[in-house]
>>> print(open('coords-v5.cif').read())   # mmCIF, C-alpha atoms
data_final
loop_
_atom_site.group_PDB
_atom_site.id
_atom_site.type_symbol
_atom_site.label_atom_id
_atom_site.label_comp_id
_atom_site.auth_asym_id
_atom_site.auth_seq_id
_atom_site.Cartn_x
_atom_site.Cartn_y
_atom_site.Cartn_z
ATOM 1 C CA ASP A 20 3.329 -24.894 -0.016
ATOM 2 C CA TRP A 21 2.701 -23.320 -3.424
ATOM 3 C CA SER A 22 6.063 -21.561 -3.639
ATOM 4 C CA ARG A 23 6.976 -20.665 -7.223
ATOM 5 C CA CYS A 24 3.770 -22.309 -8.510
ATOM 6 C CA ASN A 25 1.593 -20.913 -11.279
ATOM 7 C CA LYS A 26 -1.805 -19.990 -9.835
ATOM 8 C CA ARG A 27 -2.743 -17.439 -12.517
ATOM 9 C CA ASN A 28 -6.473 -16.821 -12.969
ATOM 10 C CA LYS A 29 -7.320 -19.250 -10.127
ATOM 11 C CA LYS A 30 -10.260 -18.530 -7.825
ATOM 12 C CA PHE A 31 -9.956 -18.891 -4.039
ATOM 13 C CA PRO A 32 -12.699 -16.621 -2.637
ATOM 14 C CA GLY A 33 -13.208 -17.102 1.101
ATOM 15 C CA LYS A 34 -10.642 -19.921 1.312
ATOM 16 C CA ASP A 35 -8.497 -20.449 4.414
ATOM 17 C CA LEU A 36 -4.904 -20.211 3.206
ATOM 18 C CA SER A 37 -3.468 -18.923 6.490
ATOM 19 C CA ASP A 38 0.237 -19.557 7.135
ATOM 20 C CA SER A 39 0.733 -20.693 3.521
ATOM 21 C CA LYS A 40 4.087 -20.615 1.740
ATOM 22 C CA LEU A 41 3.531 -18.635 -1.444
ATOM 23 C CA VAL A 42 7.087 -17.426 -2.080
ATOM 24 C CA GLY A 43 7.376 -16.316 -5.712
ATOM 25 C CA THR A 44 3.923 -17.701 -6.549
ATOM 26 C CA ASP A 45 2.369 -16.199 -9.690
ATOM 27 C CA MET A 46 -1.204 -15.253 -8.780
ATOM 28 C CA THR A 47 -1.784 -12.801 -11.619
ATOM 29 C CA TYR A 48 -5.533 -12.165 -12.131
ATOM 30 C CA ALA A 49 -6.347 -14.577 -9.268
ATOM 31 C CA THR A 50 -9.401 -14.033 -7.065
ATOM 32 C CA LEU A 51 -8.720 -14.133 -3.314
ATOM 33 C CA ARG A 52 -11.623 -11.992 -2.086
ATOM 34 C CA ASN A 53 -12.436 -12.638 1.587
ATOM 35 C CA ALA A 54 -9.655 -15.265 1.737
ATOM 36 C CA ASN A 55 -7.675 -15.816 4.929
ATOM 37 C CA LEU A 56 -3.951 -15.447 4.216
ATOM 38 C CA SER A 57 -2.944 -14.424 7.750
ATOM 39 C CA GLY A 58 0.716 -15.038 8.500
ATOM 40 C CA SER A 59 1.461 -16.321 4.994
ATOM 41 C CA ASP A 60 4.888 -15.938 3.401
ATOM 42 C CA MET A 61 4.254 -14.222 0.070
ATOM 43 C CA GLN A 62 7.713 -12.817 -0.598
ATOM 44 C CA ARG A 63 8.228 -12.032 -4.284
ATOM 45 C CA ALA A 64 4.650 -13.151 -5.090
ATOM 46 C CA VAL A 65 3.223 -11.833 -8.350
ATOM 47 C CA LEU A 66 -0.181 -10.286 -7.637
ATOM 48 C CA VAL A 67 -0.723 -8.260 -10.806
ATOM 49 C CA LYS A 68 -4.431 -7.333 -11.085
ATOM 50 C CA THR A 69 -5.195 -9.826 -8.296
ATOM 51 C CA SER A 70 -8.373 -9.329 -6.255
ATOM 52 C CA LEU A 71 -7.611 -9.407 -2.521
ATOM 53 C CA SER A 72 -10.564 -7.254 -1.460
ATOM 54 C CA ASP A 73 -11.647 -7.839 2.150
ATOM 55 C CA ALA A 74 -8.957 -10.533 2.526
ATOM 56 C CA LYS A 75 -7.308 -11.242 5.866
ATOM 57 C CA LEU A 76 -3.621 -10.507 5.323
ATOM 58 C CA ASP A 77 -2.494 -9.556 8.828
ATOM 59 C CA LYS A 78 1.182 -10.251 9.520
ATOM 60 C CA VAL A 79 1.647 -11.476 5.932
ATOM 61 C CA ASN A 80 5.099 -11.134 4.351
ATOM 62 C CA LEU A 81 4.715 -9.332 1.016
ATOM 63 C CA SER A 82 8.294 -8.081 0.771
ATOM 64 C CA LYS A 83 9.414 -7.632 -2.833
ATOM 65 C CA ALA A 84 5.929 -8.657 -4.045
ATOM 66 C CA GLN A 85 4.566 -7.245 -7.308
ATOM 67 C CA GLY A 86 0.982 -6.036 -6.969
ATOM 68 C CA MET A 87 0.457 -3.641 -9.840
ATOM 69 C CA ARG A 88 -3.254 -2.744 -10.144
ATOM 70 C CA ALA A 89 -4.148 -5.270 -7.432
ATOM 71 C CA SER A 90 -7.182 -4.635 -5.233
ATOM 72 C CA PHE A 91 -6.692 -4.684 -1.466
ATOM 73 C CA LYS A 92 -9.937 -2.766 -0.798
ATOM 74 C CA GLY A 93 -11.049 -3.300 2.794
ATOM 75 C CA ALA A 94 -8.313 -5.890 3.408
ATOM 76 C CA ASP A 95 -6.702 -6.415 6.822
ATOM 77 C CA LEU A 96 -2.964 -5.853 6.324
ATOM 78 C CA SER A 97 -2.224 -4.917 9.936
ATOM 79 C CA GLY A 98 1.386 -5.682 10.824
ATOM 80 C CA ALA A 99 2.115 -6.757 7.240
ATOM 81 C CA ASN A 100 5.586 -6.565 5.720
ATOM 82 C CA LEU A 101 5.470 -4.764 2.369
ATOM 83 C CA THR A 102 9.135 -3.705 2.237
ATOM 84 C CA LYS A 103 10.547 -3.198 -1.246
ATOM 85 C CA SER A 104 7.207 -4.184 -2.811
ATOM 86 C CA GLU A 105 5.978 -2.780 -6.137
ATOM 87 C CA MET A 106 2.308 -1.820 -5.879
ATOM 88 C CA SER A 107 1.803 0.843 -8.543
ATOM 89 C CA ARG A 108 -1.867 1.760 -9.146
ATOM 90 C CA ALA A 109 -3.042 -0.723 -6.498
ATOM 91 C CA ASN A 110 -6.188 0.024 -4.501
ATOM 92 C CA PHE A 111 -5.869 -0.012 -0.691
ATOM 93 C CA SER A 112 -9.006 2.062 -0.031
ATOM 94 C CA GLY A 113 -10.550 1.247 3.328
ATOM 95 C CA ALA A 114 -7.741 -1.214 4.135
ATOM 96 C CA ASP A 115 -6.270 -1.696 7.615
ATOM 97 C CA LEU A 116 -2.515 -1.096 7.324
ATOM 98 C CA THR A 117 -1.871 -0.307 10.992
ATOM 99 C CA GLY A 118 1.728 -0.979 11.923
ATOM 100 C CA ALA A 119 2.628 -2.155 8.411
ATOM 101 C CA ASP A 120 6.267 -1.930 7.309
ATOM 102 C CA MET A 121 6.169 -0.289 3.893
ATOM 103 C CA THR A 122 9.743 0.994 3.681
ATOM 104 C CA LYS A 123 11.555 1.383 0.363
ATOM 105 C CA SER A 124 8.420 0.399 -1.562
ATOM 106 C CA ASP A 125 6.865 1.635 -4.771
ATOM 107 C CA PHE A 126 3.314 3.041 -4.343
ATOM 108 C CA PRO A 127 2.858 5.470 -7.266
ATOM 109 C CA ARG A 128 -0.779 6.332 -8.045
ATOM 110 C CA VAL A 129 -1.971 4.026 -5.258
ATOM 111 C CA VAL A 130 -5.359 4.743 -3.662
ATOM 112 C CA PHE A 131 -5.155 4.824 0.149
ATOM 113 C CA SER A 132 -8.388 6.812 0.635
ATOM 114 C CA GLY A 133 -10.199 5.797 3.803
ATOM 115 C CA ALA A 134 -7.363 3.449 4.820
ATOM 116 C CA ASP A 135 -6.013 3.219 8.378
ATOM 117 C CA LEU A 136 -2.218 3.531 8.203
ATOM 118 C CA THR A 137 -1.721 4.347 11.887
ATOM 119 C CA GLY A 138 1.882 3.605 12.858
ATOM 120 C CA ALA A 139 2.893 2.439 9.369
ATOM 121 C CA ASN A 140 6.459 3.023 8.188
ATOM 122 C CA MET A 141 6.652 4.482 4.666
ATOM 123 C CA SER A 142 10.248 5.686 4.929
ATOM 124 C CA PHE A 143 12.068 6.025 1.613
ATOM 125 C CA SER A 144 9.002 4.870 -0.352
ATOM 126 C CA ASN A 145 7.709 6.314 -3.592
ATOM 127 C CA VAL A 146 4.196 7.650 -2.911
ATOM 128 C CA SER A 147 4.063 9.975 -5.932
ATOM 129 C CA ARG A 148 0.492 10.726 -7.016
ATOM 130 C CA ALA A 149 -0.843 8.436 -4.264
ATOM 131 C CA ASP A 150 -4.224 9.438 -2.812
ATOM 132 C CA PHE A 151 -4.333 9.646 1.009
ATOM 133 C CA ARG A 152 -7.591 11.598 1.272
ATOM 134 C CA ASP A 153 -9.797 10.489 4.209
ATOM 135 C CA SER A 154 -7.055 8.175 5.515
ATOM 136 C CA LYS A 155 -5.691 7.915 9.081
ATOM 137 C CA LEU A 156 -1.975 8.701 9.212
ATOM 138 C CA GLY A 157 -1.177 9.073 12.918
ATOM 139 C CA GLY A 158 2.368 7.913 13.630
ATOM 140 C CA VAL A 159 3.246 7.294 9.959
ATOM 141 C CA SER A 160 6.883 7.900 9.024
ATOM 142 C CA PHE A 161 7.407 9.635 5.676
ATOM 143 C CA LYS A 162 11.166 10.010 6.168
ATOM 144 C CA GLY A 163 12.795 10.295 2.736
ATOM 145 C CA ALA A 164 9.544 9.436 0.905
ATOM 146 C CA TYR A 165 9.083 10.752 -2.628
ATOM 147 C CA THR A 166 5.881 12.825 -2.607
ATOM 148 C CA LEU A 167 5.465 14.270 -6.118
ATOM 149 C CA LEU A 168 1.779 15.297 -6.439
ATOM 150 C CA THR A 169 0.806 13.077 -3.504
ATOM 151 C CA ARG A 170 -2.804 13.883 -2.515
ATOM 152 C CA PHE A 171 -2.996 15.106 1.102
ATOM 153 C CA GLU A 172 -6.083 17.340 0.742
ATOM 154 C CA GLY A 173 -8.017 17.452 4.019
ATOM 155 C CA VAL A 174 -5.641 14.945 5.660
ATOM 156 C CA ASP A 175 -4.343 15.217 9.233
ATOM 157 C CA LEU A 176 -0.554 14.991 8.909
ATOM 158 C CA ALA A 177 0.097 16.502 12.350
ATOM 159 C CA GLY A 178 0.955 13.144 13.916
ATOM 160 C CA THR A 179 3.285 11.988 11.132
ATOM 161 C CA SER A 180 7.070 12.111 11.237
ATOM 162 C CA GLY A 181 9.831 12.667 8.721
ATOM 163 C CA LEU A 182 7.985 15.136 6.477
ATOM 164 C CA THR A 183 10.023 18.098 5.244
ATOM 165 C CA ALA A 184 9.130 21.386 3.582
ATOM 166 C CA ASP A 185 10.640 20.070 0.335
ATOM 167 C CA GLN A 186 8.336 17.037 0.389
ATOM 168 C CA LEU A 187 5.304 19.260 1.009
ATOM 169 C CA ASP A 188 6.337 21.547 -1.866
ATOM 170 C CA LEU A 189 6.034 18.549 -4.203
ATOM 171 C CA ALA A 190 2.768 17.269 -2.704
ATOM 172 C CA CYS A 191 -0.819 18.501 -2.951
ATOM 173 C CA GLY A 192 -2.744 19.781 0.028
ATOM 174 C CA ASP A 193 -5.286 22.447 0.894
ATOM 175 C CA GLY A 194 -6.497 24.664 3.714
ATOM 176 C CA GLU A 195 -7.934 21.626 5.517
ATOM 177 C CA THR A 196 -4.606 19.748 5.589
ATOM 178 C CA LYS A 197 -3.157 19.692 9.119
ATOM 179 C CA LEU A 198 0.632 19.805 9.209
ATOM 180 C CA PRO A 199 3.240 18.736 11.780
ATOM 181 C CA ASP A 200 4.627 21.443 14.077
ATOM 182 C CA GLY A 201 7.228 23.599 12.387
ATOM 183 C CA LEU A 202 5.882 23.115 8.860
ATOM 184 C CA SER A 203 3.581 25.398 6.930
ATOM 185 C CA ALA A 204 1.564 25.005 3.768
ATOM 186 C CA PRO A 205 3.537 25.845 0.640
ATOM 187 C CA SER A 206 2.371 28.619 -1.684
ATOM 188 C CA SER A 207 1.817 26.005 -4.422
ATOM 189 C CA TRP A 208 -1.209 24.591 -2.532
ATOM 190 C CA PRO A 209 -3.868 23.789 -3.571
ATOM 191 C CA CYS A 210 -2.638 21.953 -6.664
ATOM 192 C CA GLU A 211 -4.443 22.434 -9.941
#
>>> encode(input="coords-v5.cif", output="structure tokens")
Amino acid sequence: DWSRCNKRNKKFPGKDLSDSKLVGTDMTYATLRNANLSGSDMQRAVLVKTSLSDAKLDKVNLSKAQGMRASFKGADLSGANLTKSEMSRANFSGADLTGADMTKSDFPRVVFSGADLTGANMSFSNVSRADFRDSKLGGVSFKGAYTLLTRFEGVDLAGTSGLTADQLDLACGDGETKLPDGLSAPSSWPCE
């Protein structure tokens, strides 16, 4: 139990920290590459510029966590709870986010390229300027999401739900972007 502890700049690569209590723990600049944090409670954790690349974070609770510029490249976040988290400019490229709850979260300028978000819930989240190119989005809910300049070029959005014409007008796509039934590409595509 490291709840509310200061673990800034600490190094835990490859460590087994599964089912840990890390509520409000400050792990700014920490290294947790390849660490096992499965099932851990990391509510309100501070993960600013933290390296979590290739970490095992399935079913972890990251609600209200702060992960600005954190790296989750290749991490397993399947079934994770990221509700109301603040992850601006974080890197989730190649991450497994299947079934993750990401509602009411802040993901501006986040890189999701190559990530698997199948079945994730991004309702009412800010995904402005986020990059979803080469990602899997089947079953993702974008209901009420803020999509200003969100990068959907070449992405299959046909299996998503909650997208509206207004959201697509704000976003960026191209001729390769597949849209849900009833929606068509806006005249503003492709973005400059």
>>> atom_distance(input="coords-v5.cif", atom1="atom CA of Asp185 of chain A", atom2="atom CA of Lys197 of chain A")
16.4 Å
>>> resolve_selection(input="coords-v5.cif", expression="the PyMOL selection byres ((chain A and resi 84) around 8)", output="PDB file with C-alpha atoms, in the coordinates of the input")
ATOM      1  CA  GLY A  43       7.376 -16.316  -5.712  1.00  0.00           C
ATOM      2  CA  MET A  61       4.254 -14.222   0.070  1.00  0.00           C
ATOM      3  CA  GLN A  62       7.713 -12.817  -0.598  1.00  0.00           C
ATOM      4  CA  ARG A  63       8.228 -12.032  -4.284  1.00  0.00           C
ATOM      5  CA  ALA A  64       4.650 -13.151  -5.090  1.00  0.00           C
ATOM      6  CA  VAL A  65       3.223 -11.833  -8.350  1.00  0.00           C
ATOM      7  CA  LEU A  66      -0.181 -10.286  -7.637  1.00  0.00           C
ATOM      8  CA  LEU A  81       4.715  -9.332   1.016  1.00  0.00           C
ATOM      9  CA  SER A  82       8.294  -8.081   0.771  1.00  0.00           C
ATOM     10  CA  LYS A  83       9.414  -7.632  -2.833  1.00  0.00           C
ATOM     11  CA  GLN A  85       4.566  -7.245  -7.308  1.00  0.00           C
ATOM     12  CA  GLY A  86       0.982  -6.036  -6.969  1.00  0.00           C
ATOM     13  CA  LEU A 101       5.470  -4.764   2.369  1.00  0.00           C
ATOM     14  CA  LYS A 103      10.547  -3.198  -1.246  1.00  0.00           C
ATOM     15  CA  SER A 104       7.207  -4.184  -2.811  1.00  0.00           C
ATOM     16  CA  GLU A 105       5.978  -2.780  -6.137  1.00  0.00           C
ATOM     17  CA  MET A 106       2.308  -1.820  -5.879  1.00  0.00           C
TER      18      MET A 106
END
>>> residues_around(input="coords-v5.cif", residues="segment 159-164 of chain A", least_positions_apart="4", cutoff="12 Å", atoms="all atoms listed in the file", output="ChimeraX atom specification")
/A:116-127,135-147,149,151,154-155,169,175-187,189-190,199
>>> residues_around(input="coords-v5.cif", residues="Thr50 of chain A", least_positions_apart="4", cutoff="7 Å", atoms="only C-alpha atoms", output="number ranges by chain")
A: 29-32, 69-71
>>> closest_residue(input="coords-v5.cif", among="A:Ser90, A:Thr102, A:Asn28, A:Ser22", to="Ser59 of chain A", atoms="all atoms listed in the file")
A:Ser22
>>> resolve_selection(input="coords-v5.cif", expression="the PyMOL selection byres ((chain A and resi 209) around 7)", output="list in words")
Cys191, Gly192, Asp193, Ser207, Trp208, Cys210 and Glu211 of chain A
>>> atom_distance(input="coords-v5.cif", atom1="atom CA of Asp73 of chain A", atom2="atom CA of Val129 of chain A")
17.0 Å
>>> atom_distance(input="coords-v5.cif", atom1="atom CA of Arg88 of chain A", atom2="atom CA of Thr47 of chain A")
10.3 Å
>>> closest_residue(input="coords-v5.cif", among="A:Cys24, A:Leu56, A:Ala99, A:Leu51", to="Ser39 of chain A", atoms="all atoms listed in the file")
A:Leu56
>>> closest_residue(input="coords-v5.cif", among="A:Ala109, A:Ala114, A:Leu36, A:Ala204", to="Val130 of chain A", atoms="all atoms listed in the file")
A:Ala109
>>> closest_residue(input="coords-v5.cif", among="A:Ser97, A:Ser107, A:Thr196, A:Ser57", to="Ala134 of chain A", atoms="all atoms listed in the file")
A:Ser97
>>> residues_near_point(input="coords-v5.cif", point="(-13.4, -13.5, 1.8)", cutoff="8 Å", atoms="all atoms listed in the file", output="PyMOL selection string")
chain A and resi 32-34+51-55+72-75
>>> closest_residue(input="coords-v5.cif", among="A:Ser206, A:Asn110, A:Asn25, A:Asn100", to="Gly58 of chain A", atoms="all atoms listed in the file")
A:Asn100
>>> closest_residue(input="coords-v5.cif", among="A:Arg152, A:Arg23, A:Arg170, A:Lys92", to="Thr44 of chain A", atoms="all atoms listed in the file")
A:Arg23
>>> axis_aligned_box(input="coords-v5.cif", around="segment 179-196 of chain A", padding_each_side="6 Å", output="AutoDock Vina command-line options")
--center_x 1.4 --center_y 18.3 --center_z 3.5 --size_x 30.6 --size_y 24.7 --size_z 27.4
>>> build_atoms(input="coords-v5.cif", residues="segment 95-121 of chain A", atoms="N, CA, C and O atoms", output="PDB file, in the coordinates of the input")
ATOM      1  N   ASP A  95      -7.409  -6.565   5.552  1.00  0.00           N
ATOM      2  CA  ASP A  95      -6.702  -6.415   6.822  1.00  0.00           C
ATOM      3  C   ASP A  95      -5.239  -6.750   6.582  1.00  0.00           C
ATOM      4  O   ASP A  95      -4.876  -7.910   6.439  1.00  0.00           O
ATOM      5  N   LEU A  96      -4.405  -5.703   6.514  1.00  0.00           N
ATOM      6  CA  LEU A  96      -2.964  -5.853   6.324  1.00  0.00           C
ATOM      7  C   LEU A  96      -2.221  -5.356   7.562  1.00  0.00           C
ATOM      8  O   LEU A  96      -1.074  -4.936   7.476  1.00  0.00           O
ATOM      9  N   SER A  97      -2.862  -5.414   8.715  1.00  0.00           N
ATOM     10  CA  SER A  97      -2.224  -4.917   9.936  1.00  0.00           C
ATOM     11  C   SER A  97      -0.971  -5.737  10.234  1.00  0.00           C
ATOM     12  O   SER A  97      -0.975  -6.959  10.157  1.00  0.00           O
ATOM     13  N   GLY A  98       0.122  -5.031  10.512  1.00  0.00           N
ATOM     14  CA  GLY A  98       1.386  -5.682  10.824  1.00  0.00           C
ATOM     15  C   GLY A  98       2.043  -6.375   9.646  1.00  0.00           C
ATOM     16  O   GLY A  98       2.989  -7.142   9.815  1.00  0.00           O
ATOM     17  N   ALA A  99       1.559  -6.104   8.431  1.00  0.00           N
ATOM     18  CA  ALA A  99       2.115  -6.757   7.240  1.00  0.00           C
ATOM     19  C   ALA A  99       3.478  -6.183   6.884  1.00  0.00           C
ATOM     20  O   ALA A  99       3.795  -5.042   7.201  1.00  0.00           O
ATOM     21  N   ASN A 100       4.280  -6.985   6.202  1.00  0.00           N
ATOM     22  CA  ASN A 100       5.586  -6.565   5.720  1.00  0.00           C
ATOM     23  C   ASN A 100       5.488  -6.366   4.213  1.00  0.00           C
ATOM     24  O   ASN A 100       5.357  -7.336   3.470  1.00  0.00           O
ATOM     25  N   LEU A 101       5.526  -5.089   3.790  1.00  0.00           N
ATOM     26  CA  LEU A 101       5.470  -4.764   2.369  1.00  0.00           C
ATOM     27  C   LEU A 101       6.773  -4.113   1.900  1.00  0.00           C
ATOM     28  O   LEU A 101       6.790  -3.400   0.904  1.00  0.00           O
ATOM     29  N   THR A 102       7.875  -4.344   2.594  1.00  0.00           N
ATOM     30  CA  THR A 102       9.135  -3.705   2.237  1.00  0.00           C
ATOM     31  C   THR A 102       9.562  -4.070   0.817  1.00  0.00           C
ATOM     32  O   THR A 102       9.417  -5.213   0.391  1.00  0.00           O
ATOM     33  N   LYS A 103      10.036  -3.061   0.123  1.00  0.00           N
ATOM     34  CA  LYS A 103      10.547  -3.198  -1.246  1.00  0.00           C
ATOM     35  C   LYS A 103       9.529  -3.822  -2.202  1.00  0.00           C
ATOM     36  O   LYS A 103       9.890  -4.425  -3.202  1.00  0.00           O
ATOM     37  N   SER A 104       8.240  -3.667  -1.910  1.00  0.00           N
ATOM     38  CA  SER A 104       7.207  -4.184  -2.811  1.00  0.00           C
ATOM     39  C   SER A 104       6.918  -3.163  -3.908  1.00  0.00           C
ATOM     40  O   SER A 104       7.211  -1.980  -3.769  1.00  0.00           O
ATOM     41  N   GLU A 105       6.343  -3.633  -5.008  1.00  0.00           N
ATOM     42  CA  GLU A 105       5.978  -2.780  -6.137  1.00  0.00           C
ATOM     43  C   GLU A 105       4.469  -2.872  -6.316  1.00  0.00           C
ATOM     44  O   GLU A 105       3.968  -3.878  -6.806  1.00  0.00           O
ATOM     45  N   MET A 106       3.775  -1.791  -5.903  1.00  0.00           N
ATOM     46  CA  MET A 106       2.308  -1.820  -5.879  1.00  0.00           C
ATOM     47  C   MET A 106       1.686  -0.695  -6.697  1.00  0.00           C
ATOM     48  O   MET A 106       0.624  -0.190  -6.360  1.00  0.00           O
ATOM     49  N   SER A 107       2.309  -0.293  -7.784  1.00  0.00           N
ATOM     50  CA  SER A 107       1.803   0.843  -8.543  1.00  0.00           C
ATOM     51  C   SER A 107       0.346   0.641  -8.971  1.00  0.00           C
ATOM     52  O   SER A 107      -0.058  -0.446  -9.381  1.00  0.00           O
ATOM     53  N   ARG A 108      -0.442   1.701  -8.785  1.00  0.00           N
ATOM     54  CA  ARG A 108      -1.867   1.760  -9.146  1.00  0.00           C
ATOM     55  C   ARG A 108      -2.728   0.732  -8.408  1.00  0.00           C
ATOM     56  O   ARG A 108      -3.835   0.420  -8.832  1.00  0.00           O
ATOM     57  N   ALA A 109      -2.231   0.199  -7.299  1.00  0.00           N
ATOM     58  CA  ALA A 109      -3.042  -0.723  -6.498  1.00  0.00           C
ATOM     59  C   ALA A 109      -4.091   0.073  -5.721  1.00  0.00           C
ATOM     60  O   ALA A 109      -3.970   1.287  -5.549  1.00  0.00           O
ATOM     61  N   ASN A 110      -5.118  -0.622  -5.246  1.00  0.00           N
ATOM     62  CA  ASN A 110      -6.188   0.024  -4.501  1.00  0.00           C
ATOM     63  C   ASN A 110      -6.217  -0.529  -3.074  1.00  0.00           C
ATOM     64  O   ASN A 110      -6.536  -1.701  -2.871  1.00  0.00           O
ATOM     65  N   PHE A 111      -5.849   0.330  -2.106  1.00  0.00           N
ATOM     66  CA  PHE A 111      -5.869  -0.012  -0.691  1.00  0.00           C
ATOM     67  C   PHE A 111      -6.966   0.772   0.039  1.00  0.00           C
ATOM     68  O   PHE A 111      -6.894   0.962   1.235  1.00  0.00           O
ATOM     69  N   SER A 112      -7.982   1.241  -0.676  1.00  0.00           N
ATOM     70  CA  SER A 112      -9.006   2.062  -0.031  1.00  0.00           C
ATOM     71  C   SER A 112      -9.721   1.254   1.050  1.00  0.00           C
ATOM     72  O   SER A 112     -10.081   0.096   0.849  1.00  0.00           O
ATOM     73  N   GLY A 113      -9.868   1.885   2.212  1.00  0.00           N
ATOM     74  CA  GLY A 113     -10.550   1.247   3.328  1.00  0.00           C
ATOM     75  C   GLY A 113      -9.782   0.108   3.972  1.00  0.00           C
ATOM     76  O   GLY A 113     -10.311  -0.584   4.843  1.00  0.00           O
ATOM     77  N   ALA A 114      -8.534  -0.110   3.586  1.00  0.00           N
ATOM     78  CA  ALA A 114      -7.741  -1.214   4.135  1.00  0.00           C
ATOM     79  C   ALA A 114      -7.178  -0.850   5.507  1.00  0.00           C
ATOM     80  O   ALA A 114      -7.002   0.320   5.837  1.00  0.00           O
ATOM     81  N   ASP A 115      -6.908  -1.871   6.312  1.00  0.00           N
ATOM     82  CA  ASP A 115      -6.270  -1.696   7.615  1.00  0.00           C
ATOM     83  C   ASP A 115      -4.795  -2.011   7.452  1.00  0.00           C
ATOM     84  O   ASP A 115      -4.410  -3.167   7.290  1.00  0.00           O
ATOM     85  N   LEU A 116      -3.963  -0.963   7.469  1.00  0.00           N
ATOM     86  CA  LEU A 116      -2.515  -1.096   7.324  1.00  0.00           C
ATOM     87  C   LEU A 116      -1.808  -0.650   8.597  1.00  0.00           C
ATOM     88  O   LEU A 116      -0.658  -0.226   8.561  1.00  0.00           O
ATOM     89  N   THR A 117      -2.474  -0.760   9.737  1.00  0.00           N
ATOM     90  CA  THR A 117      -1.871  -0.307  10.992  1.00  0.00           C
ATOM     91  C   THR A 117      -0.605  -1.104  11.275  1.00  0.00           C
ATOM     92  O   THR A 117      -0.584  -2.325  11.185  1.00  0.00           O
ATOM     93  N   GLY A 118       0.456  -0.362  11.570  1.00  0.00           N
ATOM     94  CA  GLY A 118       1.728  -0.979  11.923  1.00  0.00           C
ATOM     95  C   GLY A 118       2.433  -1.685  10.788  1.00  0.00           C
ATOM     96  O   GLY A 118       3.401  -2.414  11.011  1.00  0.00           O
ATOM     97  N   ALA A 119       1.992  -1.489   9.557  1.00  0.00           N
ATOM     98  CA  ALA A 119       2.628  -2.155   8.411  1.00  0.00           C
ATOM     99  C   ALA A 119       3.994  -1.545   8.115  1.00  0.00           C
ATOM    100  O   ALA A 119       4.195  -0.348   8.246  1.00  0.00           O
ATOM    101  N   ASP A 120       4.943  -2.390   7.719  1.00  0.00           N
ATOM    102  CA  ASP A 120       6.267  -1.930   7.309  1.00  0.00           C
ATOM    103  C   ASP A 120       6.251  -1.812   5.788  1.00  0.00           C
ATOM    104  O   ASP A 120       6.193  -2.816   5.078  1.00  0.00           O
ATOM    105  N   MET A 121       6.287  -0.567   5.317  1.00  0.00           N
ATOM    106  CA  MET A 121       6.169  -0.289   3.893  1.00  0.00           C
ATOM    107  C   MET A 121       7.397   0.465   3.376  1.00  0.00           C
ATOM    108  O   MET A 121       7.318   1.193   2.400  1.00  0.00           O
TER     109      MET A 121
END
